[in-house]
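Enquirer: Structure file input_23.cif (mmCIF, C-alpha atoms) right here:
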data_protein
#
loop_
_atom_site.label_atom_id
_atom_site.label_comp_id
_atom_site.auth_asym_id
_atom_site.auth_seq_id
_atom_site.Cartn_x
_atom_site.Cartn_y
_atom_site.Cartn_z
CA MET A 152 0.00 0.00 0.00
CA GLY A 153 2.87 2.31 0.90
CA SER A 154 4.56 1.67 -2.43
CA SER A 155 1.31 2.45 -4.31
CA ARG A 156 1.00 5.77 -2.53
CA LEU A 157 4.63 6.53 -3.30
CA LEU A 158 4.03 5.79 -7.01
CA ILE A 159 1.01 8.09 -7.07
CA PHE A 160 3.06 10.76 -5.33
CA PHE A 161 5.64 10.73 -8.13
CA VAL A 162 3.38 10.10 -11.14
CA LEU A 163 0.57 12.56 -10.36
CA PRO A 164 2.73 15.72 -10.64
CA ILE A 165 4.05 14.50 -13.98
CA LEU A 166 0.53 13.97 -15.32
CA LEU A 167 -0.54 17.38 -14.09
CA VAL A 168 2.37 19.01 -15.91
CA LEU A 169 1.68 17.15 -19.14
CA ALA A 170 -2.10 17.55 -19.04
CA PRO A 171 -2.13 21.00 -20.72
CA LEU A 172 -0.25 19.41 -23.63
CA ALA A 173 -3.11 17.11 -24.60
CA PRO A 174 -3.04 16.97 -28.39
CA THR A 175 -5.18 18.99 -30.72
CA ILE A 176 -5.13 17.57 -34.23
CA VAL A 177 -3.63 19.92 -36.81
CA GLY A 178 -3.16 19.41 -40.55
CA HIS A 179 -3.19 15.76 -41.66
CA HIS A 180 -4.84 14.13 -38.67
CA THR A 181 -3.72 10.61 -39.60
CA ARG A 182 -0.07 11.68 -39.52
CA GLY A 183 0.29 13.27 -36.11
CA ALA A 184 -0.94 15.72 -33.53
CA CYS A 185 -0.02 19.09 -32.05
CA THR A 186 -0.64 21.02 -28.88
CA ASP A 187 -3.21 23.82 -29.07
CA LYS A 188 -0.65 26.44 -30.08
CA ALA A 189 1.39 23.97 -32.15
CA ASP A 190 4.48 24.67 -30.07
CA TYR A 191 4.91 20.87 -30.05
CA CYS A 192 3.89 18.48 -32.81
CA TRP A 193 4.61 14.77 -32.84
CA SER A 194 4.05 11.57 -34.78
CA CYS A 195 4.38 7.95 -33.73
CA VAL A 196 5.04 5.29 -36.36
CA ASP A 197 4.79 1.52 -36.08
CA ASN A 198 7.02 0.55 -39.01
CA GLY A 199 6.02 -3.11 -39.13
CA ASP A 200 4.08 -5.67 -37.17
CA MET A 201 4.11 -4.52 -33.54
CA GLN A 202 3.10 -7.93 -32.18
CA THR A 203 6.09 -9.59 -33.86
CA PHE A 204 8.30 -6.82 -32.49
CA ASN A 205 6.93 -7.28 -28.98
CA ASN A 206 7.45 -11.05 -29.05
CA ALA A 207 11.01 -10.63 -30.29
CA SER A 208 11.93 -8.05 -27.68
CA ASN A 209 10.44 -9.26 -24.42
CA ASN A 210 7.12 -7.45 -24.93
CA GLY A 211 8.97 -4.32 -25.91
CA GLY A 212 10.40 -3.91 -22.40
CA ILE A 213 14.05 -3.94 -23.39
CA TYR A 214 13.45 -1.57 -26.30
CA ARG A 215 11.50 0.83 -24.09
CA GLN A 216 14.21 0.71 -21.45
CA ASN A 217 16.85 1.50 -24.07
CA LEU A 218 14.64 4.27 -25.45
CA ASN A 219 14.20 5.93 -22.07
CA THR A 220 17.88 5.62 -21.23
CA LEU A 221 19.04 6.99 -24.57
CA LEU A 222 16.71 9.96 -24.78
CA SER A 223 17.36 10.95 -21.18
CA SER A 224 21.08 11.05 -21.98
CA PHE A 225 20.78 13.75 -24.64
CA PRO A 226 23.43 16.42 -24.09
CA SER A 227 23.30 18.28 -20.82
CA ASP A 228 27.06 18.81 -20.58
CA PRO A 229 27.70 22.51 -21.32
CA GLN A 230 30.93 21.50 -23.07
CA ILE A 231 28.98 19.63 -25.75
CA ASN A 232 27.43 21.57 -28.63
CA PRO A 233 23.88 20.22 -28.78
CA ILE A 234 22.82 21.70 -32.14
CA PHE A 235 23.21 18.25 -33.68
CA TYR A 236 23.41 15.06 -31.66
CA SER A 237 23.06 11.40 -32.63
CA SER A 238 23.50 8.19 -30.68
CA SER A 239 22.44 4.53 -30.51
CA LEU A 240 21.90 2.09 -27.67
CA GLY A 241 21.25 -1.64 -27.39
CA GLN A 242 21.60 -4.77 -29.47
CA ALA A 243 19.25 -5.93 -32.25
CA PRO A 244 16.28 -6.29 -32.20
CA ASP A 245 16.21 -3.76 -29.38
CA THR A 246 18.58 -1.16 -30.82
CA VAL A 247 17.37 2.42 -30.50
CA ASN A 248 18.81 5.06 -32.85
CA ALA A 249 18.14 8.70 -32.04
CA ILE A 250 18.86 12.10 -33.52
CA ALA A 251 18.30 15.57 -32.05
CA VAL A 252 18.64 18.74 -34.10
CA CYS A 253 18.31 22.28 -32.81
CA GLY A 254 17.47 25.36 -34.84
CA GLY A 255 20.53 26.98 -36.34
CA ASP A 256 19.71 30.29 -34.69
CA VAL A 257 19.11 28.84 -31.21
CA ALA A 258 21.60 29.26 -28.36
CA PRO A 259 23.10 26.02 -26.95
CA GLU A 260 21.45 26.41 -23.55
CA ASP A 261 18.07 26.93 -25.21
CA CYS A 262 18.73 23.76 -27.24
CA ARG A 263 19.24 21.75 -24.07
CA THR A 264 16.06 23.19 -22.59
CA CYS A 265 14.14 22.30 -25.76
CA PHE A 266 15.40 18.70 -25.66
CA LYS A 267 14.60 18.44 -21.96
CA ASN A 268 11.03 19.66 -22.50
CA SER A 269 10.40 17.66 -25.67
CA VAL A 270 11.55 14.20 -24.61
CA PRO A 271 8.85 13.61 -21.92
CA ILE A 272 6.11 14.50 -24.41
CA LEU A 273 7.60 12.21 -27.05
CA LEU A 274 7.81 9.35 -24.55
CA GLN A 275 4.29 10.01 -23.27
CA TYR A 276 2.73 9.52 -26.69
CA CYS A 277 5.19 7.34 -28.62
CA ALA A 278 7.02 5.03 -26.21
CA ASP A 279 4.95 2.04 -27.37
CA GLN A 280 6.00 2.56 -30.99
CA LYS A 281 9.23 1.68 -32.74
CA LYS A 282 9.59 5.14 -34.33
CA GLY A 283 8.66 8.53 -33.01
CA ILE A 284 9.40 12.18 -33.67
CA ILE A 285 8.59 15.46 -31.96
CA TRP A 286 8.97 18.88 -33.55
CA ALA A 287 9.24 21.77 -31.12
CA GLU A 288 9.64 25.36 -32.23
CA ARG A 289 13.36 25.23 -31.44
CA CYS A 290 14.35 21.59 -31.89
CA THR A 291 13.47 18.18 -33.28
CA VAL A 292 13.98 14.83 -31.54
CA ARG A 293 13.39 11.48 -33.23
CA TYR A 294 14.18 7.82 -32.74
CA SER A 295 13.85 4.54 -34.62
CA ASN A 296 14.70 0.86 -34.35
CA ILE A 297 16.46 1.10 -37.72
CA SER A 298 19.41 3.27 -38.73
CA ILE A 299 18.41 6.87 -39.50
CA LEU A 300 21.77 8.64 -39.55
CA GLY A 301 22.39 10.06 -43.01
CA VAL A 302 19.09 8.66 -44.29
CA LEU A 303 16.63 10.95 -46.10
CA GLU A 304 13.15 10.55 -44.59
CA TYR A 305 10.14 12.41 -45.99
CA ASP A 306 7.57 10.88 -43.67
CA PRO A 307 5.88 11.39 -41.35
CA LEU A 308 4.82 14.80 -42.58
CA GLN A 309 3.12 17.48 -40.49
CA ASN A 310 1.79 20.72 -41.96
CA VAL A 311 1.03 23.57 -39.57
CA PRO A 312 -0.65 26.53 -41.31
CA SER A 313 -1.09 29.93 -39.76
CA ARG A 314 -4.61 30.92 -38.78
CA GLN A 315 -4.24 34.33 -40.42
CA ASP A 316 -5.37 34.64 -44.03
CA VAL A 317 -3.76 37.03 -46.48
CA SER A 318 -5.74 39.03 -49.02
CA ASN A 319 -2.88 39.23 -51.50
CA ALA A 320 -1.98 35.55 -51.80
CA GLU A 321 -0.54 35.86 -55.33
CA GLN A 322 1.79 38.74 -54.43
CA TYR A 323 2.75 36.89 -51.28
CA LYS A 324 3.67 33.85 -53.39
CA GLN A 325 5.81 35.99 -55.69
CA ALA A 326 7.99 36.94 -52.74
CA ARG A 327 7.83 33.67 -50.80
CA ASP A 328 8.81 31.19 -53.52
CA PRO A 329 12.09 32.85 -54.61
CA LEU A 330 12.98 33.37 -50.95
CA PHE A 331 12.62 29.68 -50.20
CA GLU A 332 14.57 28.75 -53.32
CA LYS A 333 17.45 30.99 -52.22
CA LEU A 334 17.41 29.75 -48.63
CA SER A 335 17.24 26.11 -49.71
CA GLU A 336 20.41 26.52 -51.77
CA GLU A 337 22.17 28.13 -48.82
CA ALA A 338 21.11 25.45 -46.36
CA ALA A 339 22.02 22.55 -48.66
CA ALA A 340 25.49 24.03 -49.08
CA GLY A 341 26.09 23.87 -45.33
CA ASP A 342 28.49 21.48 -43.65
CA SER A 343 28.07 18.36 -41.51
CA ASP A 344 27.49 20.50 -38.41
CA LEU A 345 24.78 22.82 -39.70
CA LYS A 346 22.51 23.07 -42.74
CA PHE A 347 20.40 26.14 -41.95
CA ALA A 348 19.43 29.42 -43.60
CA ALA A 349 17.22 32.36 -42.67
CA GLY A 350 16.14 35.47 -44.53
CA ASN A 351 13.30 37.78 -45.51
CA ALA A 352 11.71 39.28 -48.60
CA SER A 353 9.34 42.15 -49.37
CA VAL A 354 5.91 41.45 -50.83
CA PRO A 355 5.23 43.41 -54.05
CA VAL A 356 2.79 46.35 -53.85
CA THR A 357 2.05 46.02 -50.12
CA ASN A 358 5.69 46.10 -48.96
CA GLU A 359 4.90 43.55 -46.29
CA THR A 360 7.84 41.41 -45.19
CA ILE A 361 8.01 37.61 -45.21
CA TYR A 362 10.41 36.02 -42.75
CA ALA A 363 11.55 32.46 -43.39
CA THR A 364 13.90 29.73 -42.19
CA VAL A 365 14.83 26.34 -43.62
CA GLN A 366 16.93 23.60 -42.11
CA CYS A 367 18.05 20.04 -42.86
CA SER A 368 19.40 17.45 -40.51
CA PRO A 369 23.14 18.08 -41.05
CA ASP A 370 23.94 14.39 -41.50
CA LEU A 371 22.27 14.60 -44.94
CA ASP A 372 24.39 15.26 -47.99
CA LYS A 373 23.80 18.31 -50.18
CA GLN A 374 21.55 16.56 -52.70
CA ASN A 375 19.32 14.91 -50.10
CA CYS A 376 18.94 18.19 -48.22
CA SER A 377 17.98 19.96 -51.43
CA ASP A 378 15.49 17.22 -52.35
CA CYS A 379 13.88 17.27 -48.90
CA LEU A 380 13.40 21.03 -48.93
CA LYS A 381 12.08 20.96 -52.50
CA GLU A 382 9.41 18.45 -51.50
CA SER A 383 8.52 20.57 -48.47
CA ILE A 384 8.18 23.73 -50.55
CA SER A 385 5.78 21.85 -52.84
CA GLU A 386 3.50 21.34 -49.83
CA ILE A 387 2.97 25.06 -49.29
CA PRO A 388 0.21 25.67 -51.89
CA GLY A 389 -1.93 22.92 -50.38
CA CYS A 390 -1.41 23.70 -46.72
CA CYS A 391 -0.43 27.33 -46.43
CA GLY A 392 -0.87 29.06 -49.78
CA THR A 393 -3.53 31.52 -48.64
CA VAL A 394 -2.26 32.27 -45.14
CA GLY A 395 0.48 34.50 -43.79
CA GLY A 396 2.64 31.76 -42.39
CA GLY A 397 3.14 28.09 -41.78
CA ARG A 398 5.48 25.22 -41.10
CA VAL A 399 6.16 22.07 -43.11
CA LEU A 400 7.74 19.48 -40.83
CA ARG A 401 9.54 16.33 -41.93
CA PRO A 402 12.06 14.12 -40.11
CA SER A 403 14.95 15.23 -42.34
CA CYS A 404 14.08 18.89 -42.89
CA TYR A 405 11.68 21.66 -42.05
CA LEU A 406 10.70 25.10 -43.26
CA ARG A 407 8.80 27.98 -41.76
CA PHE A 408 7.57 31.37 -42.90
CA GLU A 409 5.70 34.14 -41.09
CA SER A 410 4.63 37.72 -41.67
CA ASN A 411 6.35 38.75 -38.42
CA PRO A 412 9.84 37.98 -37.06
CA PHE A 413 10.00 34.78 -35.03
#
Would you mind writing the file out in structure tokens?
Expert:
Amino acid sequence: MGSSRLLIFFVLPILLVLAPLAPTIVGHHTRGACTDKADYCWSCVDNGDMQTFNNASNNGGIYRQNLNTLLSSFPSDPQINPIFYSSSLGQAPDTVNAIAVCGGDVAPEDCRTCFKNSVPILLQYCADQKKGIIWAERCTVRYSNISILGVLEYDPLQNVPSRQDVSNAEQYKQARDPLFEKLSEEAAAGDSDLKFAAGNASVPVTNETIYATVQCSPDLDKQNCSDCLKESISEIPGCCGTVGGGRVLRPSCYLRFESNPF
């Protein structure tokens, strides 16, 4: 009885903290979920037969243990640059591979805070799955039971459009598309530590300003980064073509644009 009370004592505060983050479906509802303000979006993927996986890995217990251990070890040492971090833990079939990428314009300490805040949400919703990813505004954390380092992954995809429509969608497009083309070239030309670019452009006639960022996981080569961003840009007309901002989120790359600095 005492141990049950002790468990409740520890678990209840965690549930109370995570309760406000209950998901609100945004974009393609079969592909993932987001918090109300879309400051966190996530997707859980069972890439295969989960029952076979459970039987082969002691009902998933060893894999989950490795997953918790690995994600909790993400860089907290101030001597380590956390902008890009990858690691693996365990033996097959319970090997967990994980990657964490922080925004190229985010300070290292803010990266660590983003990882620290994102991992519990990812584990809350995806720990029973072999693959999972969470996109926060400042970082991305993902894991898989198969190798993901240097691998281009388009899916899962999460589109997060702004709620603010624009009246001059065609003029907005004329400024937005060349901006993304320019930034994509800059990001793809980055090195193995950082593939990131940010910039802005003026909208014809109205002189409004579009602010944008693009980023690839830096373990991708130049061509794969370029391909990932090209596919993401092609999503904009369907998800965000008539609004003043949006995000297109993939495991290997992301892009964002807004009518205000962010």
Enquirer: Identify, on the basis of all atoms listed in the file, every residue whose closest approach to A:Ala338 does not exceed 7 Å; exclude the query and any residue fewer than 5 positions from it along the same chain; express the result as an MDAnalysis selection string.
Expert: chainID A and resid 346:348 365:366
Enquirer: Looking at A:Arg327, A:Lys373, A:Lys281, A:Arg314, which one is nearest to A:Ile361, with distances taken over only C-alpha atoms?
Expert: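 For A:Ile361, the nearest of the given residues is A:Arg327.
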Enquirer: Please write as a PyMOL selection string the full residue list that the PyMOL selection byres ((chain A and resi 235-246) around 7) yields on this file.
Expert: chain A and resi 208+213-214+217+221+233-234+247-253+296+344
Enquirer: Could you tell me which residues the PyMOL selection byres ((chain A and resi 194) around 8) returns for this structure, as a count of residues only?
Expert: 12
Enquirer: Within 9 Å of A:Phe266, counting only C-alpha atoms, which residues show up once you throw out same-chain ones fewer than 6 positions away? Write them as a list in words, please.
Expert: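 Neighbouring residues, sequence-local ones excluded: Leu222, Phe225, Pro226, Ala251, Cys253, Ala287, Arg289, Cys290, Thr291 and Val292 of chain A.
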Enquirer: Compare A:Glu386, A:Glu409, A:Asp306, A:Asp261 by their minimum atom-to-atom distance to A:Arg293, counting all atoms listed in the file, and give me the closest one.
Expert: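 Answer, going by the shortest atom-to-atom distance: A:Asp306.
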Enquirer: At a cut-off of 7 Å, using only C-alpha atoms, what residues contact A:Ala326? Leave out same-chain residues fewer than 5 positions from it and give the result as a PyMOL selection string.
Expert: chain A and resi 352-354
Enquirer: To one decimal in Å, tell me the separation between atom CA of A:Gln275 and atom CA of A:Thr220.
Expert: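 So the two atoms, atom CA of A:Gln275 and atom CA of A:Thr220, lie 14.4 Å apart.
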Enquirer: Taking all atoms listed in the file into account, name the residue in A:Val302, A:Ala189, A:Ala258, A:Ala320 that is nearest to A:Gln374.
Expert: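 Of the candidates, the smallest distance to A:Gln374 is held by A:Val302.
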Enquirer: May I have the residues within 8 Å of A:Arg401 as a ChimeraX atom specification, using only C-alpha atoms and disregarding those fewer than 4 positions away in the same chain?
Expert: /A:304-309,383,405
Enquirer: Evaluate the PyMOL selection byres ((chain A and resi 319) around 12) and record the selected residues as a PyMOL selection string, following the chain and residue labels used in the document.
Expert: chain A and resi 316-318+320-326+354-359+392-395
Enquirer: Within 6 Å of A:Phe408, counting only C-alpha atoms, which residues qualify if same-chain residues fewer than 6 places away don't, as an mmCIF file with C-alpha atoms, keeping the file's coordinate frame?
Expert:
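The file below, around-v2.cif, is the result:
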data_model
loop_
_atom_site.group_PDB
_atom_site.id
_atom_site.type_symbol
_atom_site.label_atom_id
_atom_site.label_comp_id
_atom_site.auth_asym_id
_atom_site.auth_seq_id
_atom_site.Cartn_x
_atom_site.Cartn_y
_atom_site.Cartn_z
ATOM 1 C CA TYR A 362 10.410 36.020 -42.750
ATOM 2 C CA ALA A 363 11.550 32.460 -43.390
ATOM 3 C CA GLY A 396 2.640 31.760 -42.390
ATOM 4 C CA GLY A 397 3.140 28.090 -41.780
#
Enquirer: Go ahead and compute the interatomic distance for atom CA of A:Cys390 and atom CA of A:Asn310, in Å to one decimal.
Expert: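 Straight-line distance from atom CA of A:Cys390 to atom CA of A:Asn310 works out to 6.5 Å.
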Enquirer: Report, in Å with one decimal, the straight-line distance from atom CA of A:Leu371 to atom CA of A:Pro259.
Expert: 21.3 Å
Enquirer: Which residue is closest to A:Cys376? Choose from A:Leu300, A:Cys404, A:Leu345, A:Cys265 and count all atoms listed in the file.
Expert: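 Looking at the shortest contact to A:Cys376, the residue is A:Cys404.
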Enquirer: For a quick check of understanding, using all atoms listed in the file, which of A:Tyr276, A:Trp286, A:Tyr294, A:Phe331 has the smallest distance to A:Val311?
Expert: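 Nearest candidate to A:Val311 out of A:Tyr276, A:Trp286, A:Tyr294, A:Phe331: A:Trp286.
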Enquirer: Tell me which of A:Gln315, A:Ser368, A:Thr360, A:Ser377 sits closest to A:Ser335, counting only C-alpha atoms.
Expert: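 That would be A:Ser377, the residue with the smallest distance to A:Ser335.
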Enquirer: Would you kindly identify which residues have an atom no farther than 7 Å from (26.2, 17.2, -47.1), using only C-alpha atoms and the file's own coordinates, and write them out as a PyMOL selection string?
Expert: chain A and resi 339+341-343+369-373
